[in-house]
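Novice: Handing you this structure, nothing more for now.
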Amino acid sequence: MERIYIFTRFERFWHWTQALLVIGMLLTGFEIHGTYHLLGFAKAHQIHGIAAWALIILWVFAIFWHFVTGEWRQYIPTMKNADVVLRHYALGIFRGEPHPFKVTRRQKHNPLQAQAYLMVKVLINPLLWISGLLYLYYNELAALGQHFDLATIALAHTIGAFLMLAFFIAHVYLITTGDTVGAHLKAMLTGWEHGEEKNPR
């Protein structure tokens, strides 16, 4: 099986930086929400705000990079072989069957991955981004005569947070479903993964 250089240095930097920021924002966000007490409200709020701006800046750079390099095509949704991949995750993986999808440089993600990542980019991220900024600048917007319902903003942001948490949990689990438990993790650390240069099945 051939080794293919799948993830560039920027992709790996973007992935791991985003992961750390998302984890930090989830931890501080749920503390601000009153779920538990770890850092204290003031400290959690400060860290949450810094991480939020860092993540927004990272997203802007990542969006620019995706369009400049053409990597946005990796997230074009397709149903081709989606049923085969779904069957593998539901049954085949527990029978020790090999994954039916083999990565190529042109298609890094299987159909279900592409759809999940697209949902994050066009639904979860914008929901968190917009509701978070409305939350952050609520008083300033009200002073300018722009009135938004704070309860609705808070609900939207909380829904976005739980969606991101669900995605994060699923993502961490699916990392372990490669040829070996650490294969996918190693690929995101080194950039290299086993695949095939021919058209994926």
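Chain labels A, B, ... are given in the sequence in which chains occur in the structure tokens; within each chain residues are numbered consecutively from 1, and ligands are likewise numbered from 1 in the order shown.
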Could you name the residues that touch segment 122-130 of chain A at 10 Å or less, counting only C-alpha atoms, but leaving out those on the same chain fewer than 6 positions away, as a list in words?
Specialist: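 Near segment 122-130 of chain A, the qualifying residues are Ala52, Trp53, Leu55, Ile56, Trp59, Leu136, Ile153, Ala156, His157, Thr158, Ile159, Gly160, Ala161, Phe162, Leu163, Met164 and Phe167 of chain A.
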Novice: List as a list of chain:residue names the protein and nucleic acid residues near segment 84-88 of chain A, meaning an atom at most 9 Å away when only C-alpha atoms are counted, but skip any in the same chain fewer than 5 places from it.
Specialist: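 Result of the neighbour search: A:Ile93, A:Phe94, A:Glu97, A:Pro98, A:His99, A:Pro100, A:Phe101, A:Asn110, A:Pro111, A:Leu112.
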Novice: Once you have the residues from the selection above, write them out as a PDB file, in the first residue's frame, restricted to N, CA and C atoms.
Specialist:
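Saved as result_27.pdb:
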```
ATOM      1  N   ILE A  93     -16.843  -2.388  10.565  1.00  0.00           N
ATOM      2  CA  ILE A  93     -15.742  -2.072  11.467  1.00  0.00           C
ATOM      3  C   ILE A  93     -15.697  -3.047  12.646  1.00  0.00           C
ATOM      4  N   PHE A  94     -16.862  -3.536  13.062  1.00  0.00           N
ATOM      5  CA  PHE A  94     -16.929  -4.461  14.195  1.00  0.00           C
ATOM      6  C   PHE A  94     -16.622  -5.904  13.773  1.00  0.00           C
ATOM      7  N   GLU A  97     -13.487  -5.713   9.075  1.00  0.00           N
ATOM      8  CA  GLU A  97     -13.376  -5.506   7.630  1.00  0.00           C
ATOM      9  C   GLU A  97     -12.557  -4.246   7.347  1.00  0.00           C
ATOM     10  N   PRO A  98     -11.790  -4.224   6.255  1.00  0.00           N
ATOM     11  CA  PRO A  98     -11.014  -3.024   5.902  1.00  0.00           C
ATOM     12  C   PRO A  98     -11.947  -1.897   5.479  1.00  0.00           C
ATOM     13  N   HIS A  99     -11.476  -0.678   5.700  1.00  0.00           N
ATOM     14  CA  HIS A  99     -12.293   0.480   5.319  1.00  0.00           C
ATOM     15  C   HIS A  99     -12.476   0.491   3.804  1.00  0.00           C
ATOM     16  N   PRO A 100     -13.692   0.691   3.316  1.00  0.00           N
ATOM     17  CA  PRO A 100     -13.934   0.637   1.870  1.00  0.00           C
ATOM     18  C   PRO A 100     -13.412   1.852   1.109  1.00  0.00           C
ATOM     19  N   PHE A 101     -13.043   2.913   1.819  1.00  0.00           N
ATOM     20  CA  PHE A 101     -12.561   4.126   1.167  1.00  0.00           C
ATOM     21  C   PHE A 101     -11.060   4.261   1.357  1.00  0.00           C
ATOM     22  N   ASN A 110     -13.745  10.632   3.017  1.00  0.00           N
ATOM     23  CA  ASN A 110     -14.800   9.791   2.481  1.00  0.00           C
ATOM     24  C   ASN A 110     -16.104  10.596   2.440  1.00  0.00           C
ATOM     25  N   PRO A 111     -17.143  10.099   1.757  1.00  0.00           N
ATOM     26  CA  PRO A 111     -18.371  10.890   1.589  1.00  0.00           C
ATOM     27  C   PRO A 111     -18.996  11.380   2.890  1.00  0.00           C
ATOM     28  N   LEU A 112     -18.982  10.564   3.926  1.00  0.00           N
ATOM     29  CA  LEU A 112     -19.576  10.980   5.199  1.00  0.00           C
ATOM     30  C   LEU A 112     -18.722  12.035   5.887  1.00  0.00           C
TER      31      LEU A 112
END
```
Novice: If DSSP is run on the backbone, what residues of segment 10-133 of chain A are alpha helix (DSSP H)? A reply as JSON, numbers by chain would be ideal.
Specialist: {"A": [10, 11, 12, 13, 14, 15, 16, 17, 18, 19, 20, 21, 22, 23, 24, 25, 26, 27, 28, 29, 30, 31, 32, 41, 42, 43, 44, 45, 46, 47, 48, 49, 50, 51, 52, 53, 54, 55, 56, 57, 58, 59, 60, 61, 62, 63, 64, 65, 66, 67, 68, 69, 82, 83, 84, 85, 86, 87, 88, 89, 90, 111, 112, 113, 114, 115, 116, 117, 118, 119, 125, 126, 127, 128, 129, 130, 131, 132, 133]}
Novice: Quick one: of A:Tyr75, A:Trp16, A:Tyr135, A:Trp65, who's nearest to His109 of chain A, counting only C-alpha atoms?
Specialist: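 Going through A:Tyr75, A:Trp16, A:Tyr135, A:Trp65 one by one, the smallest distance to His109 of chain A is for A:Tyr75.
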Novice: Quick one: everything within 9 Å of Leu58 of chain A, counting only C-alpha atoms, minus sequence neighbours fewer than 5 positions away in the same chain. Send it as a JSON list (two decimals) with all heavy atoms, in the first residue's frame.
Specialist:
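Output (result08.json):
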```json
[["chain", "number", "residue", "atom", "x", "y", "z"],
["A", 14, "TRP", "N", -3.37, 24.40, 11.08],
["A", 14, "TRP", "CA", -4.76, 24.88, 11.20],
["A", 14, "TRP", "C", -5.59, 23.89, 12.02],
["A", 14, "TRP", "O", -6.34, 24.29, 12.91],
["A", 14, "TRP", "CB", -5.33, 25.06, 9.80],
["A", 14, "TRP", "CG", -6.81, 25.15, 9.73],
["A", 14, "TRP", "CD1", -7.62, 26.05, 10.36],
["A", 14, "TRP", "CD2", -7.69, 24.30, 8.98],
["A", 14, "TRP", "NE1", -8.94, 25.81, 10.06],
["A", 14, "TRP", "CE2", -9.01, 24.75, 9.21],
["A", 14, "TRP", "CE3", -7.49, 23.21, 8.13],
["A", 14, "TRP", "CZ2", -10.11, 24.14, 8.63],
["A", 14, "TRP", "CZ3", -8.59, 22.62, 7.55],
["A", 14, "TRP", "CH2", -9.88, 23.08, 7.80],
["A", 17, "THR", "N", -4.30, 23.83, 15.85],
["A", 17, "THR", "CA", -4.58, 25.11, 16.51],
["A", 17, "THR", "C", -6.08, 25.27, 16.73],
["A", 17, "THR", "O", -6.53, 25.68, 17.80],
["A", 17, "THR", "CB", -4.05, 26.28, 15.66],
["A", 17, "THR", "OG1", -2.66, 26.09, 15.42],
["A", 17, "THR", "CG2", -4.25, 27.61, 16.39],
["A", 18, "GLN", "N", -6.85, 24.92, 15.70],
["A", 18, "GLN", "CA", -8.30, 24.98, 15.83],
["A", 18, "GLN", "C", -8.79, 24.03, 16.93],
["A", 18, "GLN", "O", -9.66, 24.39, 17.74],
["A", 18, "GLN", "CB", -8.97, 24.62, 14.50],
["A", 18, "GLN", "CG", -10.48, 24.64, 14.56],
["A", 18, "GLN", "CD", -11.12, 24.38, 13.21],
["A", 18, "GLN", "OE1", -11.89, 25.18, 12.73],
["A", 18, "GLN", "NE2", -10.78, 23.26, 12.58],
["A", 53, "TRP", "N", -11.50, 35.31, 19.39],
["A", 53, "TRP", "CA", -10.89, 36.15, 18.35],
["A", 53, "TRP", "C", -9.77, 35.41, 17.62],
["A", 53, "TRP", "O", -9.62, 35.54, 16.41],
["A", 53, "TRP", "CB", -10.38, 37.45, 18.95],
["A", 53, "TRP", "CG", -11.48, 38.47, 19.12],
["A", 53, "TRP", "CD1", -12.00, 38.93, 20.28],
["A", 53, "TRP", "CD2", -12.20, 39.09, 18.06],
["A", 53, "TRP", "NE1", -13.02, 39.82, 20.01],
["A", 53, "TRP", "CE2", -13.16, 39.94, 18.65],
["A", 53, "TRP", "CE3", -12.15, 39.02, 16.67],
["A", 53, "TRP", "CZ2", -14.05, 40.72, 17.91],
["A", 53, "TRP", "CZ3", -13.04, 39.79, 15.92],
["A", 53, "TRP", "CH2", -13.97, 40.63, 16.54],
["A", 63, "ILE", "N", -10.21, 29.93, 5.45],
["A", 63, "ILE", "CA", -11.14, 30.10, 4.33],
["A", 63, "ILE", "C", -10.38, 30.62, 3.11],
["A", 63, "ILE", "O", -10.55, 30.14, 1.98],
["A", 63, "ILE", "CB", -12.28, 31.06, 4.72],
["A", 63, "ILE", "CG1", -13.20, 30.39, 5.75],
["A", 63, "ILE", "CG2", -13.08, 31.49, 3.49],
["A", 63, "ILE", "CD1", -14.22, 31.33, 6.37]]
```
Novice: What gap, in Å, lies between atom CA of Thr180 of chain A and atom CA of His194 of chain A?
Specialist: 11.0 Å
Novice: Which value, in Å to one decimal, gives the distance between atom CA of Phe13 of chain A and atom CA of Thr28 of chain A?
Specialist: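 Atom CA of Thr28 of chain A lies 22.4 Å from atom CA of Phe13 of chain A.
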Novice: So that I can see what lies close to segment 184-187 of chain A, please list as an mmCIF file with all heavy atoms, in the first residue's frame the residues with an atom at most 12 Å from it, counting only C-alpha atoms and leaving out residues fewer than 4 positions away in the same chain.
Specialist:
```
data_model
loop_
_atom_site.group_PDB
_atom_site.id
_atom_site.type_symbol
_atom_site.label_atom_id
_atom_site.label_comp_id
_atom_site.auth_asym_id
_atom_site.auth_seq_id
_atom_site.Cartn_x
_atom_site.Cartn_y
_atom_site.Cartn_z
ATOM 1 N N ARG A 3 2.210 5.096 0.454
ATOM 2 C CA ARG A 3 2.062 6.226 1.367
ATOM 3 C C ARG A 3 1.897 7.498 0.547
ATOM 4 O O ARG A 3 2.627 7.724 -0.420
ATOM 5 C CB ARG A 3 3.281 6.355 2.285
ATOM 6 C CG ARG A 3 3.424 5.234 3.287
ATOM 7 C CD ARG A 3 4.681 5.397 4.110
ATOM 8 N NE ARG A 3 4.564 6.499 5.062
ATOM 9 C CZ ARG A 3 5.424 7.518 5.149
ATOM 10 N NH1 ARG A 3 6.447 7.600 4.326
ATOM 11 N NH2 ARG A 3 5.259 8.456 6.056
ATOM 12 N N ILE A 4 0.928 8.329 0.925
ATOM 13 C CA ILE A 4 0.631 9.556 0.192
ATOM 14 C C ILE A 4 0.709 10.737 1.145
ATOM 15 O O ILE A 4 0.221 10.666 2.275
ATOM 16 C CB ILE A 4 -0.779 9.505 -0.437
ATOM 17 C CG1 ILE A 4 -0.922 8.260 -1.313
ATOM 18 C CG2 ILE A 4 -1.053 10.749 -1.255
ATOM 19 C CD1 ILE A 4 -2.333 8.066 -1.824
ATOM 20 N N TYR A 5 1.327 11.820 0.669
ATOM 21 C CA TYR A 5 1.392 13.038 1.475
ATOM 22 C C TYR A 5 0.046 13.754 1.321
ATOM 23 O O TYR A 5 -0.230 14.375 0.309
ATOM 24 C CB TYR A 5 2.536 13.921 1.001
ATOM 25 C CG TYR A 5 2.793 15.114 1.901
ATOM 26 C CD1 TYR A 5 3.197 14.929 3.229
ATOM 27 C CD2 TYR A 5 2.650 16.409 1.424
ATOM 28 C CE1 TYR A 5 3.455 16.004 4.050
ATOM 29 C CE2 TYR A 5 2.909 17.499 2.255
ATOM 30 C CZ TYR A 5 3.300 17.287 3.565
ATOM 31 O OH TYR A 5 3.540 18.365 4.393
ATOM 32 N N ILE A 6 -0.781 13.664 2.365
ATOM 33 C CA ILE A 6 -2.157 14.146 2.298
ATOM 34 C C ILE A 6 -2.317 15.542 2.893
ATOM 35 O O ILE A 6 -2.925 16.427 2.287
ATOM 36 C CB ILE A 6 -3.100 13.161 3.031
ATOM 37 C CG1 ILE A 6 -3.129 11.818 2.291
ATOM 38 C CG2 ILE A 6 -4.507 13.732 3.125
ATOM 39 C CD1 ILE A 6 -3.754 11.895 0.917
ATOM 40 N N PHE A 7 -1.775 15.746 4.076
ATOM 41 C CA PHE A 7 -2.032 16.985 4.808
ATOM 42 C C PHE A 7 -0.777 17.864 4.844
ATOM 43 O O PHE A 7 0.260 17.457 5.368
ATOM 44 C CB PHE A 7 -2.480 16.672 6.242
ATOM 45 C CG PHE A 7 -3.733 15.838 6.297
ATOM 46 C CD1 PHE A 7 -3.689 14.530 6.766
ATOM 47 C CD2 PHE A 7 -4.944 16.348 5.866
ATOM 48 C CE1 PHE A 7 -4.837 13.755 6.808
ATOM 49 C CE2 PHE A 7 -6.093 15.574 5.900
ATOM 50 C CZ PHE A 7 -6.045 14.276 6.373
ATOM 51 N N THR A 8 -0.895 19.070 4.300
ATOM 52 C CA THR A 8 0.226 20.004 4.258
ATOM 53 C C THR A 8 0.514 20.564 5.649
ATOM 54 O O THR A 8 -0.269 20.379 6.588
ATOM 55 C CB THR A 8 -0.093 21.176 3.320
ATOM 56 O OG1 THR A 8 -1.197 21.923 3.869
ATOM 57 C CG2 THR A 8 -0.459 20.682 1.927
ATOM 58 N N ARG A 9 1.617 21.271 5.762
ATOM 59 C CA ARG A 9 1.983 21.862 7.050
ATOM 60 C C ARG A 9 0.905 22.835 7.526
ATOM 61 O O ARG A 9 0.589 22.872 8.714
ATOM 62 C CB ARG A 9 3.325 22.587 6.938
ATOM 63 C CG ARG A 9 4.513 21.645 6.818
ATOM 64 C CD ARG A 9 5.811 22.433 6.757
ATOM 65 N NE ARG A 9 6.958 21.531 6.669
ATOM 66 C CZ ARG A 9 8.214 21.957 6.569
ATOM 67 N NH1 ARG A 9 8.476 23.253 6.542
ATOM 68 N NH2 ARG A 9 9.188 21.087 6.501
ATOM 69 N N GLU A 11 -2.292 22.814 6.805
ATOM 70 C CA GLU A 11 -3.474 22.057 7.218
ATOM 71 C C GLU A 11 -3.301 21.492 8.623
ATOM 72 O O GLU A 11 -4.228 21.526 9.437
ATOM 73 C CB GLU A 11 -3.751 20.919 6.230
ATOM 74 C CG GLU A 11 -4.396 21.358 4.951
ATOM 75 C CD GLU A 11 -4.585 20.206 3.988
ATOM 76 O OE1 GLU A 11 -3.576 19.731 3.431
ATOM 77 O OE2 GLU A 11 -5.741 19.775 3.793
ATOM 78 N N ARG A 12 -2.114 20.978 8.897
ATOM 79 C CA ARG A 12 -1.864 20.408 10.217
ATOM 80 C C ARG A 12 -1.819 21.497 11.283
ATOM 81 O O ARG A 12 -2.373 21.335 12.374
ATOM 82 C CB ARG A 12 -0.564 19.590 10.199
ATOM 83 C CG ARG A 12 -0.739 18.239 9.490
ATOM 84 C CD ARG A 12 0.579 17.488 9.393
ATOM 85 N NE ARG A 12 1.366 17.970 8.273
ATOM 86 C CZ ARG A 12 2.691 18.012 8.233
ATOM 87 N NH1 ARG A 12 3.389 17.634 9.297
ATOM 88 N NH2 ARG A 12 3.322 18.451 7.170
ATOM 89 N N HIS A 15 -5.433 22.607 11.749
ATOM 90 C CA HIS A 15 -6.208 21.583 12.437
ATOM 91 C C HIS A 15 -5.923 21.577 13.936
ATOM 92 O O HIS A 15 -6.848 21.622 14.754
ATOM 93 C CB HIS A 15 -5.887 20.208 11.843
ATOM 94 C CG HIS A 15 -6.535 19.071 12.565
ATOM 95 N ND1 HIS A 15 -5.952 18.464 13.660
ATOM 96 C CD2 HIS A 15 -7.729 18.439 12.379
ATOM 97 C CE1 HIS A 15 -6.747 17.512 14.105
ATOM 98 N NE2 HIS A 15 -7.829 17.470 13.353
ATOM 99 N N TRP A 16 -4.644 21.523 14.314
ATOM 100 C CA TRP A 16 -4.297 21.397 15.726
ATOM 101 C C TRP A 16 -4.532 22.700 16.492
ATOM 102 O O TRP A 16 -4.938 22.668 17.658
ATOM 103 C CB TRP A 16 -2.852 20.926 15.873
ATOM 104 C CG TRP A 16 -2.689 19.498 15.452
ATOM 105 C CD1 TRP A 16 -1.999 19.028 14.378
ATOM 106 C CD2 TRP A 16 -3.267 18.348 16.082
ATOM 107 N NE1 TRP A 16 -2.103 17.662 14.290
ATOM 108 C CE2 TRP A 16 -2.865 17.211 15.334
ATOM 109 C CE3 TRP A 16 -4.066 18.161 17.205
ATOM 110 C CZ2 TRP A 16 -3.254 15.918 15.671
ATOM 111 C CZ3 TRP A 16 -4.455 16.872 17.545
ATOM 112 C CH2 TRP A 16 -4.044 15.777 16.785
ATOM 113 N N VAL A 103 -7.916 6.905 0.698
ATOM 114 C CA VAL A 103 -7.683 8.315 0.390
ATOM 115 C C VAL A 103 -6.791 8.477 -0.829
ATOM 116 O O VAL A 103 -5.951 7.614 -1.137
ATOM 117 C CB VAL A 103 -7.046 9.045 1.585
ATOM 118 C CG1 VAL A 103 -7.964 9.007 2.795
ATOM 119 C CG2 VAL A 103 -5.681 8.459 1.922
ATOM 120 N N LYS A 108 -9.451 13.484 -0.029
ATOM 121 C CA LYS A 108 -8.898 13.123 1.274
ATOM 122 C C LYS A 108 -9.950 12.549 2.211
ATOM 123 O O LYS A 108 -9.619 11.823 3.142
ATOM 124 C CB LYS A 108 -8.291 14.368 1.941
ATOM 125 C CG LYS A 108 -7.219 15.049 1.145
ATOM 126 C CD LYS A 108 -6.772 16.321 1.849
ATOM 127 C CE LYS A 108 -5.779 17.087 1.022
ATOM 128 N NZ LYS A 108 -5.353 18.331 1.697
ATOM 129 N N HIS A 109 -11.205 12.915 1.976
ATOM 130 C CA HIS A 109 -12.263 12.549 2.918
ATOM 131 C C HIS A 109 -13.287 11.636 2.252
ATOM 132 O O HIS A 109 -13.657 11.851 1.095
ATOM 133 C CB HIS A 109 -12.973 13.802 3.429
ATOM 134 C CG HIS A 109 -12.045 14.862 3.921
ATOM 135 N ND1 HIS A 109 -11.110 14.633 4.913
ATOM 136 C CD2 HIS A 109 -11.890 16.158 3.555
ATOM 137 C CE1 HIS A 109 -10.432 15.746 5.143
ATOM 138 N NE2 HIS A 109 -10.879 16.680 4.327
ATOM 139 N N HIS A 171 -15.651 12.998 16.126
ATOM 140 C CA HIS A 171 -14.373 13.127 15.425
ATOM 141 C C HIS A 171 -13.273 12.358 16.152
ATOM 142 O O HIS A 171 -12.494 11.625 15.526
ATOM 143 C CB HIS A 171 -14.008 14.609 15.318
ATOM 144 C CG HIS A 171 -12.806 14.883 14.483
ATOM 145 N ND1 HIS A 171 -12.754 14.624 13.123
ATOM 146 C CD2 HIS A 171 -11.595 15.403 14.801
ATOM 147 C CE1 HIS A 171 -11.576 14.972 12.645
ATOM 148 N NE2 HIS A 171 -10.845 15.443 13.645
ATOM 149 N N VAL A 172 -13.210 12.505 17.463
ATOM 150 C CA VAL A 172 -12.191 11.802 18.258
ATOM 151 C C VAL A 172 -12.381 10.294 18.147
ATOM 152 O O VAL A 172 -11.406 9.537 18.000
ATOM 153 C CB VAL A 172 -12.242 12.245 19.731
ATOM 154 C CG1 VAL A 172 -11.360 11.351 20.595
ATOM 155 C CG2 VAL A 172 -11.804 13.703 19.860
ATOM 156 N N TYR A 173 -13.639 9.841 18.186
ATOM 157 C CA TYR A 173 -13.893 8.399 18.047
ATOM 158 C C TYR A 173 -13.455 7.893 16.676
ATOM 159 O O TYR A 173 -12.769 6.867 16.567
ATOM 160 C CB TYR A 173 -15.371 8.090 18.260
ATOM 161 C CG TYR A 173 -15.755 6.710 17.780
ATOM 162 C CD1 TYR A 173 -15.276 5.571 18.434
ATOM 163 C CD2 TYR A 173 -16.536 6.530 16.642
ATOM 164 C CE1 TYR A 173 -15.589 4.298 17.982
ATOM 165 C CE2 TYR A 173 -16.854 5.265 16.179
ATOM 166 C CZ TYR A 173 -16.381 4.158 16.847
ATOM 167 O OH TYR A 173 -16.680 2.905 16.382
ATOM 168 N N LEU A 174 -13.823 8.615 15.632
ATOM 169 C CA LEU A 174 -13.523 8.153 14.274
ATOM 170 C C LEU A 174 -12.038 8.176 13.960
ATOM 171 O O LEU A 174 -11.590 7.491 13.038
ATOM 172 C CB LEU A 174 -14.312 8.979 13.254
ATOM 173 C CG LEU A 174 -15.829 8.746 13.275
ATOM 174 C CD1 LEU A 174 -16.542 9.713 12.350
ATOM 175 C CD2 LEU A 174 -16.155 7.299 12.888
ATOM 176 N N ILE A 175 -11.266 8.971 14.730
ATOM 177 C CA ILE A 175 -9.810 8.954 14.562
ATOM 178 C C ILE A 175 -9.264 7.544 14.781
ATOM 179 O O ILE A 175 -8.277 7.136 14.166
ATOM 180 C CB ILE A 175 -9.149 9.939 15.555
ATOM 181 C CG1 ILE A 175 -9.380 11.379 15.096
ATOM 182 C CG2 ILE A 175 -7.644 9.681 15.685
ATOM 183 C CD1 ILE A 175 -8.899 12.416 16.093
ATOM 184 N N THR A 176 -9.917 6.790 15.640
ATOM 185 C CA THR A 176 -9.428 5.449 16.008
ATOM 186 C C THR A 176 -9.836 4.366 15.015
ATOM 187 O O THR A 176 -9.522 3.197 15.231
ATOM 188 C CB THR A 176 -9.957 5.064 17.404
ATOM 189 O OG1 THR A 176 -11.382 4.884 17.351
ATOM 190 C CG2 THR A 176 -9.626 6.131 18.425
ATOM 191 N N THR A 177 -10.541 4.738 13.944
ATOM 192 C CA THR A 177 -11.098 3.719 13.045
ATOM 193 C C THR A 177 -10.269 3.501 11.781
ATOM 194 O O THR A 177 -10.784 3.014 10.785
ATOM 195 C CB THR A 177 -12.543 4.081 12.653
ATOM 196 O OG1 THR A 177 -12.542 5.328 11.918
ATOM 197 C CG2 THR A 177 -13.424 4.218 13.877
ATOM 198 N N GLY A 178 -8.994 3.863 11.815
ATOM 199 C CA GLY A 178 -8.137 3.646 10.649
ATOM 200 C C GLY A 178 -7.635 2.215 10.575
ATOM 201 O O GLY A 178 -8.132 1.324 11.276
ATOM 202 N N ASP A 179 -6.621 1.984 9.743
ATOM 203 C CA ASP A 179 -6.040 0.645 9.617
ATOM 204 C C ASP A 179 -5.514 0.172 10.973
ATOM 205 O O ASP A 179 -5.545 -1.013 11.293
ATOM 206 C CB ASP A 179 -4.908 0.657 8.588
ATOM 207 C CG ASP A 179 -5.420 0.942 7.183
ATOM 208 O OD1 ASP A 179 -6.599 0.624 6.921
ATOM 209 O OD2 ASP A 179 -4.666 1.481 6.367
ATOM 210 N N THR A 180 -5.005 1.122 11.761
ATOM 211 C CA THR A 180 -4.652 0.870 13.162
ATOM 212 C C THR A 180 -5.305 1.976 13.980
ATOM 213 O O THR A 180 -5.764 2.978 13.430
ATOM 214 C CB THR A 180 -3.126 0.896 13.376
ATOM 215 O OG1 THR A 180 -2.639 2.219 13.086
ATOM 216 C CG2 THR A 180 -2.434 -0.120 12.484
ATOM 217 N N GLY A 191 1.435 14.178 8.160
ATOM 218 C CA GLY A 191 0.978 14.531 6.820
ATOM 219 C C GLY A 191 0.847 13.345 5.897
ATOM 220 O O GLY A 191 0.210 13.432 4.851
ATOM 221 N N TRP A 192 1.425 12.193 6.273
ATOM 222 C CA TRP A 192 1.440 11.014 5.418
ATOM 223 C C TRP A 192 0.380 10.008 5.843
ATOM 224 O O TRP A 192 0.176 9.766 7.020
ATOM 225 C CB TRP A 192 2.805 10.334 5.460
ATOM 226 C CG TRP A 192 3.891 11.163 4.855
ATOM 227 C CD1 TRP A 192 4.653 12.101 5.484
ATOM 228 C CD2 TRP A 192 4.326 11.145 3.497
ATOM 229 N NE1 TRP A 192 5.548 12.672 4.614
ATOM 230 C CE2 TRP A 192 5.369 12.101 3.376
ATOM 231 C CE3 TRP A 192 3.952 10.415 2.367
ATOM 232 C CZ2 TRP A 192 6.034 12.338 2.176
ATOM 233 C CZ3 TRP A 192 4.614 10.647 1.179
ATOM 234 C CH2 TRP A 192 5.634 11.604 1.080
ATOM 235 N N GLU A 193 -0.285 9.430 4.847
ATOM 236 C CA GLU A 193 -1.278 8.399 5.135
ATOM 237 C C GLU A 193 -1.232 7.349 4.039
ATOM 238 O O GLU A 193 -0.811 7.617 2.907
ATOM 239 C CB GLU A 193 -2.686 9.008 5.228
ATOM 240 C CG GLU A 193 -3.758 7.987 5.573
ATOM 241 C CD GLU A 193 -5.010 8.629 6.150
ATOM 242 O OE1 GLU A 193 -5.088 9.849 6.217
ATOM 243 O OE2 GLU A 193 -5.910 7.865 6.530
ATOM 244 N N HIS A 194 -1.674 6.145 4.395
ATOM 245 C CA HIS A 194 -1.757 5.080 3.391
ATOM 246 C C HIS A 194 -2.976 5.318 2.528
ATOM 247 O O HIS A 194 -4.043 5.689 3.006
ATOM 248 C CB HIS A 194 -1.871 3.711 4.059
ATOM 249 C CG HIS A 194 -0.648 3.320 4.820
ATOM 250 N ND1 HIS A 194 0.568 3.101 4.205
ATOM 251 C CD2 HIS A 194 -0.439 3.129 6.146
ATOM 252 C CE1 HIS A 194 1.467 2.783 5.117
ATOM 253 N NE2 HIS A 194 0.880 2.782 6.308
ATOM 254 N N GLY A 195 -2.815 5.134 1.228
ATOM 255 C CA GLY A 195 -3.926 5.331 0.305
ATOM 256 C C GLY A 195 -3.601 4.725 -1.030
ATOM 257 O O GLY A 195 -2.776 3.831 -1.152
#
```
Novice: From the set A:His37, A:Ala62, A:Phe168, A:Leu133, which residue has the shortest atom-to-atom contact distance to Leu20 of chain A, counting only C-alpha atoms?
Specialist: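 Ranking A:His37, A:Ala62, A:Phe168, A:Leu133 by distance to Leu20 of chain A, first place goes to A:Phe168.
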Novice: So how many Å separate atom CA of Leu39 of chain A and atom CA of Val120 of chain A, to one decimal?
Specialist: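 We find that atom CA of Leu39 of chain A and atom CA of Val120 of chain A lie 28.1 Å from each other.
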